[in-house]
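Raw data_6.pdb, PDB, C-alpha atoms:
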MODEL        1
ATOM      1  CA  MET G   1    -179.182 -42.853 -31.874
ATOM      2  CA  ASP G   2    -179.230 -39.228 -30.787
ATOM      3  CA  ARG G   3    -175.453 -39.106 -30.578
ATOM      4  CA  SER G   4    -174.847 -40.498 -34.043
ATOM      5  CA  THR G   5    -177.418 -38.174 -35.485
ATOM      6  CA  ASN G   6    -175.647 -35.161 -34.006
ATOM      7  CA  LEU G   7    -172.322 -36.293 -35.557
ATOM      8  CA  ASP G   8    -173.832 -36.614 -38.991
ATOM      9  CA  VAL G   9    -175.328 -33.128 -38.755
ATOM     10  CA  GLU G  10    -171.955 -31.626 -37.768
ATOM     11  CA  GLU G  11    -170.193 -33.347 -40.689
ATOM     12  CA  LEU G  12    -172.788 -31.973 -43.064
ATOM     13  CA  LYS G  13    -172.269 -28.467 -41.702
ATOM     14  CA  MET G  14    -168.459 -28.733 -42.152
ATOM     15  CA  THR G  15    -168.854 -29.998 -45.700
ATOM     16  CA  ARG G  16    -171.254 -27.178 -46.538
ATOM     17  CA  GLU G  17    -168.854 -24.528 -45.152
ATOM     18  CA  GLN G  18    -165.915 -25.924 -47.176
ATOM     19  CA  TYR G  19    -168.066 -25.857 -50.324
ATOM     20  CA  ILE G  20    -169.111 -22.250 -49.722
ATOM     21  CA  LEU G  21    -165.472 -21.145 -49.178
ATOM     22  CA  ALA G  22    -164.302 -22.875 -52.329
ATOM     23  CA  THR G  23    -167.134 -21.336 -54.345
ATOM     24  CA  GLN G  24    -166.338 -17.833 -53.069
ATOM     25  CA  GLN G  25    -162.634 -18.164 -54.011
ATOM     26  CA  ASN G  26    -163.511 -19.190 -57.549
ATOM     27  CA  ASN G  27    -165.921 -16.277 -57.929
ATOM     28  CA  LEU G  28    -163.368 -13.583 -56.818
ATOM     29  CA  PRO G  29    -162.704 -10.963 -59.558
ATOM     30  CA  ARG G  30    -159.258 -10.945 -61.158
ATOM     31  CA  ALA G  31    -157.269  -7.850 -61.966
ATOM     32  CA  GLU G  32    -157.247  -7.068 -65.631
ATOM     33  CA  ASN G  33    -153.765  -5.494 -65.728
ATOM     34  CA  ALA G  34    -151.859  -8.062 -63.649
ATOM     35  CA  GLN G  35    -147.994  -7.615 -63.925
ATOM     36  CA  LEU G  36    -145.822 -10.693 -64.399
ATOM     37  CA  TYR G  37    -142.230 -10.642 -63.021
ATOM     38  CA  PRO G  38    -139.968 -13.056 -64.944
ATOM     39  CA  VAL G  39    -137.286 -14.974 -63.015
ATOM     40  CA  GLY G  40    -133.592 -14.783 -64.388
ATOM     41  CA  ILE G  41    -130.813 -12.357 -65.497
ATOM     42  CA  TYR G  42    -131.840  -9.970 -68.239
ATOM     43  CA  GLY G  43    -130.791  -6.605 -69.587
ATOM     44  CA  TRP G  44    -127.489  -4.945 -68.633
ATOM     45  CA  ARG G  45    -126.788  -7.586 -65.957
ATOM     46  CA  LYS G  46    -126.747 -10.278 -68.610
ATOM     47  CA  ARG G  47    -124.420  -8.259 -70.828
ATOM     48  CA  CYS G  48    -122.032  -7.641 -67.885
ATOM     49  CA  LEU G  49    -121.973 -11.357 -67.090
ATOM     50  CA  TYR G  50    -121.112 -12.229 -70.685
ATOM     51  CA  PHE G  51    -118.379  -9.550 -70.668
ATOM     52  CA  PHE G  52    -116.730 -10.931 -67.520
ATOM     53  CA  VAL G  53    -116.872 -14.486 -68.861
ATOM     54  CA  LEU G  54    -115.229 -13.333 -72.108
ATOM     55  CA  LEU G  55    -112.584 -11.378 -70.176
ATOM     56  CA  LEU G  56    -111.781 -14.435 -68.055
ATOM     57  CA  LEU G  57    -111.439 -16.579 -71.182
ATOM     58  CA  VAL G  58    -109.048 -14.073 -72.806
ATOM     59  CA  THR G  59    -106.959 -13.904 -69.612
ATOM     60  CA  MET G  60    -106.640 -17.686 -69.522
ATOM     61  CA  ILE G  61    -105.539 -17.782 -73.168
ATOM     62  CA  VAL G  62    -102.914 -15.039 -72.581
ATOM     63  CA  ASN G  63    -101.550 -16.821 -69.496
ATOM     64  CA  LEU G  64    -101.263 -20.080 -71.392
ATOM     65  CA  ALA G  65     -99.476 -18.369 -74.288
ATOM     66  CA  MET G  66     -97.045 -16.634 -71.894
ATOM     67  CA  THR G  67     -96.290 -19.916 -70.134
ATOM     68  CA  ILE G  68     -95.535 -21.661 -73.419
ATOM     69  CA  TRP G  69     -93.331 -18.741 -74.531
ATOM     70  CA  ILE G  70     -91.338 -18.774 -71.259
ATOM     71  CA  LEU G  71     -90.782 -22.520 -71.506
ATOM     72  CA  LYS G  72     -89.606 -22.140 -75.091
ATOM     73  CA  VAL G  73     -87.230 -19.252 -74.344
ATOM     74  CA  MET G  74     -85.717 -21.060 -71.338
ATOM     75  CA  ASN G  75     -85.308 -24.298 -73.334
ATOM     76  CA  PHE G  76     -87.087 -26.123 -70.560
ATOM     77  CA  THR G  77     -87.596 -29.746 -71.508
ATOM     78  CA  VAL G  78     -87.319 -33.066 -69.741
ATOM     79  CA  ASP G  79     -83.907 -33.887 -71.233
ATOM     80  CA  SER G  80     -82.259 -30.418 -71.301
ATOM     81  CA  PRO G  81     -80.930 -28.536 -68.223
ATOM     82  CA  LEU G  82     -82.745 -25.637 -66.622
ATOM     83  CA  VAL G  83     -81.636 -22.237 -67.965
ATOM     84  CA  LEU G  84     -82.222 -19.024 -65.996
ATOM     85  CA  GLN G  85     -81.701 -15.710 -67.796
ATOM     86  CA  SER G  86     -81.894 -12.112 -66.654
ATOM     87  CA  ASP G  87     -80.860  -8.699 -67.945
ATOM     88  CA  ARG G  88     -79.135  -7.848 -64.633
ATOM     89  CA  ASN G  89     -78.374 -10.829 -62.405
ATOM     90  CA  VAL G  90     -79.709 -14.147 -61.196
ATOM     91  CA  THR G  91     -79.796 -14.733 -57.431
ATOM     92  CA  VAL G  92     -80.497 -18.054 -55.715
ATOM     93  CA  ASN G  93     -81.145 -17.954 -51.954
ATOM     94  CA  ALA G  94     -81.189 -20.800 -49.423
ATOM     95  CA  ARG G  95     -83.052 -20.409 -46.117
ATOM     96  CA  ASN G  96     -83.553 -22.552 -43.047
ATOM     97  CA  HIS G  97     -86.822 -23.515 -41.410
ATOM     98  CA  MET G  98     -86.891 -20.163 -39.573
ATOM     99  CA  GLY G  99     -86.620 -18.193 -42.816
ATOM    100  CA  GLN G 100     -83.061 -17.030 -42.157
ATOM    101  CA  LEU G 101     -80.691 -16.700 -45.115
ATOM    102  CA  THR G 102     -78.033 -19.430 -44.993
ATOM    103  CA  GLY G 103     -76.547 -19.221 -48.494
ATOM    104  CA  GLN G 104     -76.704 -17.046 -51.575
ATOM    105  CA  LEU G 105     -75.410 -17.403 -55.127
ATOM    106  CA  THR G 106     -75.478 -14.322 -57.357
ATOM    107  CA  VAL G 107     -74.545 -14.451 -61.054
ATOM    108  CA  GLY G 108     -74.035 -10.949 -62.407
ATOM    109  CA  ALA G 109     -72.544  -9.269 -65.427
ATOM    110  CA  ASP G 110     -69.230  -8.545 -63.684
ATOM    111  CA  ALA G 111     -68.807 -11.333 -61.139
ATOM    112  CA  VAL G 112     -70.194 -14.522 -59.631
ATOM    113  CA  GLU G 113     -70.559 -14.208 -55.860
ATOM    114  CA  ALA G 114     -71.261 -16.986 -53.377
ATOM    115  CA  GLN G 115     -71.974 -16.284 -49.717
ATOM    116  CA  CYS G 116     -71.991 -19.346 -47.491
ATOM    117  CA  LYS G 117     -70.068 -20.984 -44.672
ATOM    118  CA  ARG G 118     -68.250 -23.394 -46.983
ATOM    119  CA  PHE G 119     -67.962 -23.557 -50.774
ATOM    120  CA  GLU G 120     -67.112 -26.877 -52.440
ATOM    121  CA  VAL G 121     -66.593 -28.099 -56.000
ATOM    122  CA  ARG G 122     -66.782 -31.895 -56.369
ATOM    123  CA  ALA G 123     -65.992 -34.274 -59.210
ATOM    124  CA  SER G 124     -68.987 -35.731 -61.010
ATOM    125  CA  GLU G 125     -67.586 -39.275 -61.132
ATOM    126  CA  ASP G 126     -66.473 -40.109 -57.589
ATOM    127  CA  GLY G 127     -67.594 -37.036 -55.645
ATOM    128  CA  ARG G 128     -64.030 -36.122 -54.746
ATOM    129  CA  VAL G 129     -63.524 -32.559 -53.494
ATOM    130  CA  LEU G 130     -61.680 -30.589 -56.185
ATOM    131  CA  PHE G 131     -61.895 -27.180 -54.525
ATOM    132  CA  SER G 132     -63.147 -26.051 -51.135
ATOM    133  CA  ALA G 133     -63.015 -22.700 -49.380
ATOM    134  CA  ASP G 134     -64.093 -21.527 -45.965
ATOM    135  CA  GLU G 135     -63.121 -18.807 -43.526
ATOM    136  CA  ASP G 136     -59.956 -20.612 -42.381
ATOM    137  CA  GLU G 137     -58.423 -22.191 -45.485
ATOM    138  CA  ILE G 138     -58.700 -22.960 -49.179
ATOM    139  CA  THR G 139     -58.091 -26.552 -50.291
ATOM    140  CA  ILE G 140     -57.363 -27.682 -53.852
ATOM    141  CA  GLY G 141     -57.829 -31.417 -54.249
ATOM    142  CA  ALA G 142     -57.093 -31.730 -57.968
ATOM    143  CA  GLU G 143     -54.134 -33.785 -59.100
ATOM    144  CA  LYS G 144     -52.559 -30.813 -60.863
ATOM    145  CA  LEU G 145     -52.811 -27.041 -60.388
ATOM    146  CA  LYS G 146     -51.997 -25.257 -63.653
ATOM    147  CA  VAL G 147     -51.536 -21.483 -63.924
ATOM    148  CA  THR G 148     -51.397 -20.346 -67.567
ATOM    149  CA  GLY G 149     -51.157 -16.582 -67.039
ATOM    150  CA  THR G 150     -48.122 -14.738 -68.340
ATOM    151  CA  GLU G 151     -47.447 -13.217 -64.909
ATOM    152  CA  GLY G 152     -47.827 -16.543 -63.097
ATOM    153  CA  ALA G 153     -49.330 -16.770 -59.620
ATOM    154  CA  VAL G 154     -49.000 -13.979 -57.065
ATOM    155  CA  PHE G 155     -49.181 -14.806 -53.346
ATOM    156  CA  GLY G 156     -49.277 -12.073 -50.736
ATOM    157  CA  HIS G 157     -47.966 -14.313 -47.953
ATOM    158  CA  SER G 158     -46.173 -17.612 -47.489
ATOM    159  CA  VAL G 159     -46.859 -20.731 -49.544
ATOM    160  CA  GLU G 160     -46.282 -24.197 -48.086
ATOM    161  CA  THR G 161     -45.651 -27.118 -50.416
ATOM    162  CA  PRO G 162     -43.437 -30.198 -50.199
ATOM    163  CA  HIS G 163     -42.676 -30.304 -53.914
ATOM    164  CA  ILE G 164     -42.320 -27.821 -56.779
ATOM    165  CA  ARG G 165     -41.984 -29.412 -60.211
ATOM    166  CA  ALA G 166     -42.125 -28.100 -63.761
ATOM    167  CA  GLU G 167     -43.980 -29.822 -66.571
ATOM    168  CA  PRO G 168     -42.105 -32.361 -68.711
ATOM    169  CA  SER G 169     -39.682 -30.696 -71.140
ATOM    170  CA  GLN G 170     -40.253 -27.323 -69.432
ATOM    171  CA  ASP G 171     -37.956 -25.224 -67.235
ATOM    172  CA  LEU G 172     -38.684 -24.355 -63.621
ATOM    173  CA  ARG G 173     -37.844 -20.756 -62.812
ATOM    174  CA  LEU G 174     -37.941 -18.988 -59.455
ATOM    175  CA  GLU G 175     -37.584 -15.247 -59.880
ATOM    176  CA  SER G 176     -37.914 -12.089 -57.824
ATOM    177  CA  PRO G 177     -37.802  -9.170 -60.313
ATOM    178  CA  THR G 178     -37.330  -6.341 -57.789
ATOM    179  CA  ARG G 179     -36.370  -7.967 -54.464
ATOM    180  CA  SER G 180     -34.445 -10.893 -53.039
ATOM    181  CA  LEU G 181     -35.085 -14.609 -53.379
ATOM    182  CA  ILE G 182     -34.378 -16.487 -50.157
ATOM    183  CA  MET G 183     -34.328 -20.260 -49.740
ATOM    184  CA  GLU G 184     -33.974 -21.469 -46.176
ATOM    185  CA  ALA G 185     -34.117 -24.878 -44.528
ATOM    186  CA  PRO G 186     -32.916 -25.891 -41.057
ATOM    187  CA  ARG G 187     -31.538 -29.228 -42.299
ATOM    188  CA  GLY G 188     -30.041 -28.038 -45.559
ATOM    189  CA  VAL G 189     -30.864 -26.928 -49.061
ATOM    190  CA  GLN G 190     -29.994 -29.297 -51.884
ATOM    191  CA  VAL G 191     -29.843 -28.217 -55.520
ATOM    192  CA  SER G 192     -28.953 -30.867 -58.090
ATOM    193  CA  ALA G 193     -29.002 -31.210 -61.865
ATOM    194  CA  ALA G 194     -28.865 -34.896 -62.745
ATOM    195  CA  ALA G 195     -28.553 -34.466 -66.513
ATOM    196  CA  GLY G 196     -27.477 -30.854 -67.005
ATOM    197  CA  ASP G 197     -25.577 -27.879 -65.692
ATOM    198  CA  PHE G 198     -26.015 -25.811 -62.566
ATOM    199  CA  LYS G 199     -25.444 -22.106 -63.104
ATOM    200  CA  ALA G 200     -25.418 -19.239 -60.637
ATOM    201  CA  ALA G 201     -25.049 -15.731 -62.095
ATOM    202  CA  CYS G 202     -25.261 -12.303 -60.472
ATOM    203  CA  ARG G 203     -24.480  -8.711 -61.268
ATOM    204  CA  LYS G 204     -22.313  -8.011 -58.225
ATOM    205  CA  GLU G 205     -20.740 -10.352 -55.701
ATOM    206  CA  LEU G 206     -21.441 -14.060 -55.324
ATOM    207  CA  HIS G 207     -20.892 -15.122 -51.727
ATOM    208  CA  LEU G 208     -20.281 -18.703 -50.637
ATOM    209  CA  GLN G 209     -20.165 -18.790 -46.846
ATOM    210  CA  SER G 210     -19.986 -21.582 -44.316
ATOM    211  CA  THR G 211     -19.964 -20.521 -40.685
ATOM    212  CA  GLU G 212     -18.892 -23.825 -39.112
ATOM    213  CA  GLY G 213     -17.965 -26.111 -41.996
ATOM    214  CA  GLU G 214     -16.071 -25.925 -45.245
ATOM    215  CA  ILE G 215     -16.704 -25.223 -48.909
ATOM    216  CA  PHE G 216     -15.919 -28.361 -50.860
ATOM    217  CA  LEU G 217     -15.421 -28.308 -54.641
ATOM    218  CA  ASN G 218     -15.166 -31.806 -56.093
ATOM    219  CA  ALA G 219     -14.657 -32.093 -59.864
ATOM    220  CA  ASP G 220     -12.209 -33.425 -62.400
ATOM    221  CA  THR G 221     -11.508 -29.903 -63.592
ATOM    222  CA  ILE G 222     -11.965 -26.626 -61.720
ATOM    223  CA  ARG G 223     -11.746 -23.508 -63.871
ATOM    224  CA  LEU G 224     -11.522 -19.934 -62.674
ATOM    225  CA  GLY G 225     -11.941 -17.630 -65.634
ATOM    226  CA  ASN G 226     -11.141 -13.912 -66.026
ATOM    227  CA  LEU G 227      -8.682 -13.824 -63.146
ATOM    228  CA  PRO G 228      -6.363 -10.827 -63.217
ATOM    229  CA  THR G 229      -2.692 -11.385 -63.973
ATOM    230  CA  GLY G 230      -0.120  -9.871 -61.678
ATOM    231  CA  SER G 231       3.287  -8.547 -62.764
ATOM    232  CA  PHE G 232       6.509 -10.269 -61.766
ATOM    233  CA  SER G 233       9.999  -9.053 -62.451
ATOM    234  CA  SER G 234      12.481 -11.816 -63.118
ATOM    235  CA  SER G 235      16.281 -11.573 -63.198
ATOM    236  CA  SER G 236      16.419 -13.992 -66.113
ATOM    237  CA  PRO G 237      16.603 -12.018 -69.408
ATOM    238  CA  SER G 238      15.148 -14.843 -71.493
ATOM    239  CA  SER G 239      11.922 -15.102 -69.500
ATOM    240  CA  SER G 240      10.495 -11.852 -70.864
ATOM    241  CA  HIS G 241      11.001 -12.924 -74.462
ATOM    242  CA  SER G 242       9.391 -16.408 -74.193
ATOM    243  CA  ARG G 243       5.651 -16.899 -74.379
ATOM    244  CA  GLN G 244       4.186 -17.540 -70.949
ATOM    245  CA  THR G 245       1.860 -20.598 -70.837
ATOM    246  CA  VAL G 246       2.031 -21.622 -67.201
ATOM    247  CA  TYR G 247       0.767 -19.459 -64.347
ATOM    248  CA  GLU G 248       0.660 -19.761 -60.624
ATOM    249  CA  LEU G 249      -2.523 -19.150 -58.628
ATOM    250  CA  CYS G 250      -1.920 -16.671 -55.892
ATOM    251  CA  VAL G 251      -4.039 -15.454 -52.988
ATOM    252  CA  CYS G 252      -3.786 -11.964 -51.574
ATOM    253  CA  PRO G 253      -4.019 -11.360 -47.830
ATOM    254  CA  ASN G 254      -7.562 -10.111 -48.322
ATOM    255  CA  GLY G 255      -8.550 -13.372 -50.077
ATOM    256  CA  LYS G 256      -8.463 -12.120 -53.667
ATOM    257  CA  LEU G 257      -7.142 -14.551 -56.311
ATOM    258  CA  TYR G 258      -4.878 -13.612 -59.171
ATOM    259  CA  LEU G 259      -2.466 -15.258 -61.609
ATOM    260  CA  SER G 260       1.235 -14.824 -61.618
ATOM    261  CA  PRO G 261       3.682 -16.160 -64.245
ATOM    262  CA  ALA G 262       5.141 -19.427 -63.016
ATOM    263  CA  GLY G 263       8.854 -19.609 -62.446
ATOM    264  CA  ALA G 264      11.409 -21.847 -60.846
ATOM    265  CA  GLY G 265      10.087 -20.780 -57.469
ATOM    266  CA  SER G 266       6.905 -19.126 -56.249
ATOM    267  CA  THR G 267       6.192 -15.838 -57.917
ATOM    268  CA  CYS G 268       3.349 -14.804 -55.597
ATOM    269  CA  GLN G 269       4.040 -11.522 -53.846
ATOM    270  CA  SER G 270       2.003  -9.907 -51.113
ATOM    271  CA  GLY G 271       3.001  -6.536 -52.518
ATOM    272  CA  SER G 272       1.666  -7.301 -55.997
ATOM    273  CA  ASN G 273      -0.206  -4.569 -57.789
ATOM    274  CA  ILE G 274      -3.349  -6.742 -57.729
ATOM    275  CA  CYS G 275      -3.301  -6.969 -53.948
ATOM    276  CA  LEU G 276      -2.457  -3.295 -53.501
ATOM    277  CA  TRP G 277      -5.199  -2.006 -55.819
ATOM    278  CA  SER G 278      -7.930  -4.152 -54.330
TER     279      SER G 278
ENDMDL
END

In C-alpha cells, how does this file's structure come out?
Amino acid sequence: MDRSTNLDVEELKMTREQYILATQQNNLPRAENAQLYPVGIYGWRKRCLYFFVLLLLVTMIVNLAMTIWILKVMNFTVDSPLVLQSDRNVTVNARNHMGQLTGQLTVGADAVEAQCKRFEVRASEDGRVLFSADEDEITIGAEKLKVTGTEGAVFGHSVETPHIRAEPSQDLRLESPTRSLIMEAPRGVQVSAAAGDFKAACRKELHLQSTEGEIFLNADTIRLGNLPTGSFSSSSPSSSHSRQTVYELCVCPNGKLYLSPAGAGSTCQSGSNICLWS
C-alpha cells in the first residue's frame, strides 16, 4: 500500500511540473517587431538567373542554326557524297594507335599531295589496281595508257616495254629532235611493213654495216637514183651522136658507185673523174 501510494504521488508531481512548464511557455511575451526572412531567390539574383537562362537559350538556337547552315552548304544528305570545302586547303590525316602520322592527303589550290608508304587507285567494279606507286616503282595496271599532250611523254631514264603500238589508223613515230635515236637488241632488230613502204631518210650519210655477215637486198627491182654519170671516151664516132639509154654500174676502189655509158665491153675505169674527185 505504501509503495503504490508513493508512486501515485510522484506521477502527480511530474504531471503538475509539465503543466506549469507548458503554461509558462504560452504566457511568454512576443516581440512586436519580429522580422520574417523569406526563403527563395529574389532581387538581383533572380534577374541574373533569368539572364543566364535566356543567354543559354539564345546560344542553343544559334548553334542549331549554324549546324543546319553547315549541312546545307556542304550538301550533306544521306544519298549525296560528303563535300569538304576550304579557302586554302583540305588535309586528311591518318594515325596509328600510338598517335603517329602514317598517311596524309592534302588538297590545295596548286596541287594534290599524298604522303604514304604506298598509293593505289583501284577500279570500282572488280577492285583491280589501276595505278600504284611506292618508293621502288610505279605500276600502271590499266589496259591502255594514253598520252594526249602535244609534246608526248618525257622520260628521264630508260623505259622497258615488250610492245609499242600506235592506235588504229594512226602512225607510230619515234623521234629524237636534237640527239640520236638508238635501237639495240642482242638477238636482232626487225623492222617490217606488211602493207606499206619502209623509208629511211637522213641529211648526211646512211650507213649499212655488217661486221660478220652480209647485206642482202632481195627484190624484183632494185633502183639506185641520182647516181653520178662518169665520162667515157669511145673510138667509135657514131656513139657520141646516138642517145645513150643503157648504162653500166661501176664501183670505184673506195666503194663509190657511178654510171658509165654501156658499150661493147666494160666502160668502167678506175681513173674516172668520179673516182678521182671523191

- Task: To one decimal in Å, tell me the separation between CA of Asn254 (chain G) and CA of Ser272 (chain G).
- Result: 12.3 Å

Once 5 Å is added on each side, what are the centre and the three edge lengths, in Å to one decimal, of the axis-aligned box enclosing the listed atoms of region 110-118 of chain G? Present them as JSON.
{"center_x": -70.1, "center_y": -16.0, "center_z": -54.2, "size_x": 13.7, "size_y": 24.8, "size_z": 29.0}

- Task: Quick one: pull the distance between CA of Thr229 (chain G) and CA of Ala200 (chain G), Å, one decimal.
- Result: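 Computing it gives 24.3 Å between the two atoms.
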
- Query: Residues at most 12 Å from region 145-154 of chain G, counting only C-alpha atoms, excluding those fewer than 6 positions away in the same chain, as a PyMOL selection string?
  - Reply: chain G and resi 130-131+139+164-167+173-177

- Item | Between CA of Lys46 (chain G) and CA of Asn63 (chain G), distance in Å (one decimal) |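 Value for the CA of Lys46 (chain G)-CA of Asn63 (chain G) distance: 26.0 Å.
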
- Residue contacts of Val92 (chain G) (7 Å, only C-alpha atoms) excluding same-chain residues fewer than 5 positions away, as a PyMOL selection string: chain G and resi 104-106

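For the structure shown here, the set of residues caught by the PyMOL selection byres ((chain G and resi 262) around 9) is Gln244, Thr245, Val246, Tyr247, Glu248, Leu249, Leu259, Ser260, Pro261, Gly263, Ala264, Gly265, Ser266, Thr267 and Cys268 of chain G.
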
- Task: I would like the residues chosen by the PyMOL selection byres ((chain G and resi 85) around 12) on the shown file; could you give them as JSON, numbers by chain?
- Result: {"G": [70, 71, 73, 74, 75, 82, 83, 84, 86, 87, 88, 89, 90, 91, 107, 108, 109]}

- Item | Residue IDs satisfying the PyMOL selection byres ((chain G and resi 227) around 10), as a VMD selection string | chain G and resid 224 to 226 228 to 230 249 256 to 259

- Message: What's around region 117-119 of chain G at 7 Å? Count only C-alpha atoms, leave out sequence neighbours fewer than 5 positions away in its own chain, and write the answer as a PyMOL selection string.
- Response: chain G and resi 132-134

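Between Cys202 (chain G) and the candidates G:Thr102, G:Thr221, G:Ser180, G:Gln190, the tightest atom-to-atom separation, counting all atoms listed in the file, involves G:Ser180.
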
Mind rebuilding region 180-198 of chain G with N, CA, C and O atoms and writing that out as a PDB file, in the coordinates of the input?
ATOM      1  N   SER G 180     -35.319  -9.744 -53.238  1.00  0.00           N
ATOM      2  CA  SER G 180     -34.445 -10.893 -53.039  1.00  0.00           C
ATOM      3  C   SER G 180     -35.240 -12.194 -53.102  1.00  0.00           C
ATOM      4  O   SER G 180     -36.447 -12.217 -52.869  1.00  0.00           O
ATOM      5  N   LEU G 181     -34.543 -13.258 -53.392  1.00  0.00           N
ATOM      6  CA  LEU G 181     -35.085 -14.609 -53.379  1.00  0.00           C
ATOM      7  C   LEU G 181     -34.322 -15.397 -52.322  1.00  0.00           C
ATOM      8  O   LEU G 181     -33.109 -15.585 -52.432  1.00  0.00           O
ATOM      9  N   ILE G 182     -35.011 -15.832 -51.308  1.00  0.00           N
ATOM     10  CA  ILE G 182     -34.378 -16.487 -50.157  1.00  0.00           C
ATOM     11  C   ILE G 182     -34.910 -17.907 -50.066  1.00  0.00           C
ATOM     12  O   ILE G 182     -36.127 -18.133 -50.092  1.00  0.00           O
ATOM     13  N   MET G 183     -33.989 -18.856 -49.958  1.00  0.00           N
ATOM     14  CA  MET G 183     -34.328 -20.260 -49.740  1.00  0.00           C
ATOM     15  C   MET G 183     -33.667 -20.699 -48.445  1.00  0.00           C
ATOM     16  O   MET G 183     -32.437 -20.668 -48.330  1.00  0.00           O
ATOM     17  N   GLU G 184     -34.481 -21.090 -47.488  1.00  0.00           N
ATOM     18  CA  GLU G 184     -33.974 -21.469 -46.176  1.00  0.00           C
ATOM     19  C   GLU G 184     -34.534 -22.823 -45.773  1.00  0.00           C
ATOM     20  O   GLU G 184     -35.678 -23.144 -46.080  1.00  0.00           O
ATOM     21  N   ALA G 185     -33.693 -23.591 -45.077  1.00  0.00           N
ATOM     22  CA  ALA G 185     -34.117 -24.878 -44.528  1.00  0.00           C
ATOM     23  C   ALA G 185     -33.212 -25.203 -43.353  1.00  0.00           C
ATOM     24  O   ALA G 185     -31.984 -25.056 -43.457  1.00  0.00           O
ATOM     25  N   PRO G 186     -33.764 -25.625 -42.225  1.00  0.00           N
ATOM     26  CA  PRO G 186     -32.916 -25.891 -41.057  1.00  0.00           C
ATOM     27  C   PRO G 186     -31.998 -27.096 -41.243  1.00  0.00           C
ATOM     28  O   PRO G 186     -30.939 -27.167 -40.618  1.00  0.00           O
ATOM     29  N   ARG G 187     -32.357 -28.036 -42.106  1.00  0.00           N
ATOM     30  CA  ARG G 187     -31.538 -29.228 -42.299  1.00  0.00           C
ATOM     31  C   ARG G 187     -30.815 -29.233 -43.633  1.00  0.00           C
ATOM     32  O   ARG G 187     -30.274 -30.263 -44.034  1.00  0.00           O
ATOM     33  N   GLY G 188     -30.809 -28.120 -44.325  1.00  0.00           N
ATOM     34  CA  GLY G 188     -30.041 -28.038 -45.559  1.00  0.00           C
ATOM     35  C   GLY G 188     -30.886 -27.772 -46.773  1.00  0.00           C
ATOM     36  O   GLY G 188     -32.084 -28.080 -46.799  1.00  0.00           O
ATOM     37  N   VAL G 189     -30.249 -27.194 -47.768  1.00  0.00           N
ATOM     38  CA  VAL G 189     -30.864 -26.928 -49.061  1.00  0.00           C
ATOM     39  C   VAL G 189     -30.044 -27.649 -50.109  1.00  0.00           C
ATOM     40  O   VAL G 189     -28.833 -27.445 -50.220  1.00  0.00           O
ATOM     41  N   GLN G 190     -30.686 -28.506 -50.882  1.00  0.00           N
ATOM     42  CA  GLN G 190     -29.994 -29.297 -51.884  1.00  0.00           C
ATOM     43  C   GLN G 190     -30.482 -28.904 -53.266  1.00  0.00           C
ATOM     44  O   GLN G 190     -31.688 -28.903 -53.534  1.00  0.00           O
ATOM     45  N   VAL G 191     -29.549 -28.562 -54.136  1.00  0.00           N
ATOM     46  CA  VAL G 191     -29.843 -28.217 -55.520  1.00  0.00           C
ATOM     47  C   VAL G 191     -29.007 -29.147 -56.396  1.00  0.00           C
ATOM     48  O   VAL G 191     -27.773 -29.168 -56.279  1.00  0.00           O
ATOM     49  N   SER G 192     -29.667 -29.910 -57.255  1.00  0.00           N
ATOM     50  CA  SER G 192     -28.953 -30.867 -58.090  1.00  0.00           C
ATOM     51  C   SER G 192     -29.511 -30.833 -59.502  1.00  0.00           C
ATOM     52  O   SER G 192     -30.698 -30.560 -59.707  1.00  0.00           O
ATOM     53  N   ALA G 193     -28.622 -31.092 -60.459  1.00  0.00           N
ATOM     54  CA  ALA G 193     -29.002 -31.210 -61.865  1.00  0.00           C
ATOM     55  C   ALA G 193     -28.447 -32.542 -62.352  1.00  0.00           C
ATOM     56  O   ALA G 193     -27.247 -32.659 -62.625  1.00  0.00           O
ATOM     57  N   ALA G 194     -29.329 -33.541 -62.439  1.00  0.00           N
ATOM     58  CA  ALA G 194     -28.865 -34.896 -62.745  1.00  0.00           C
ATOM     59  C   ALA G 194     -28.355 -35.035 -64.172  1.00  0.00           C
ATOM     60  O   ALA G 194     -27.434 -35.805 -64.431  1.00  0.00           O
ATOM     61  N   ALA G 195     -28.939 -34.291 -65.116  1.00  0.00           N
ATOM     62  CA  ALA G 195     -28.553 -34.466 -66.513  1.00  0.00           C
ATOM     63  C   ALA G 195     -28.207 -33.134 -67.176  1.00  0.00           C
ATOM     64  O   ALA G 195     -28.297 -33.007 -68.396  1.00  0.00           O
ATOM     65  N   GLY G 196     -27.788 -32.154 -66.413  1.00  0.00           N
ATOM     66  CA  GLY G 196     -27.477 -30.854 -67.005  1.00  0.00           C
ATOM     67  C   GLY G 196     -26.540 -30.055 -66.126  1.00  0.00           C
ATOM     68  O   GLY G 196     -25.857 -30.598 -65.236  1.00  0.00           O
ATOM     69  N   ASP G 197     -26.482 -28.777 -66.392  1.00  0.00           N
ATOM     70  CA  ASP G 197     -25.577 -27.879 -65.692  1.00  0.00           C
ATOM     71  C   ASP G 197     -26.307 -27.147 -64.570  1.00  0.00           C
ATOM     72  O   ASP G 197     -27.532 -26.988 -64.592  1.00  0.00           O
ATOM     73  N   PHE G 198     -25.514 -26.680 -63.624  1.00  0.00           N
ATOM     74  CA  PHE G 198     -26.015 -25.811 -62.566  1.00  0.00           C
ATOM     75  C   PHE G 198     -25.277 -24.486 -62.671  1.00  0.00           C
ATOM     76  O   PHE G 198     -24.058 -24.443 -62.589  1.00  0.00           O
TER      77      PHE G 198
END
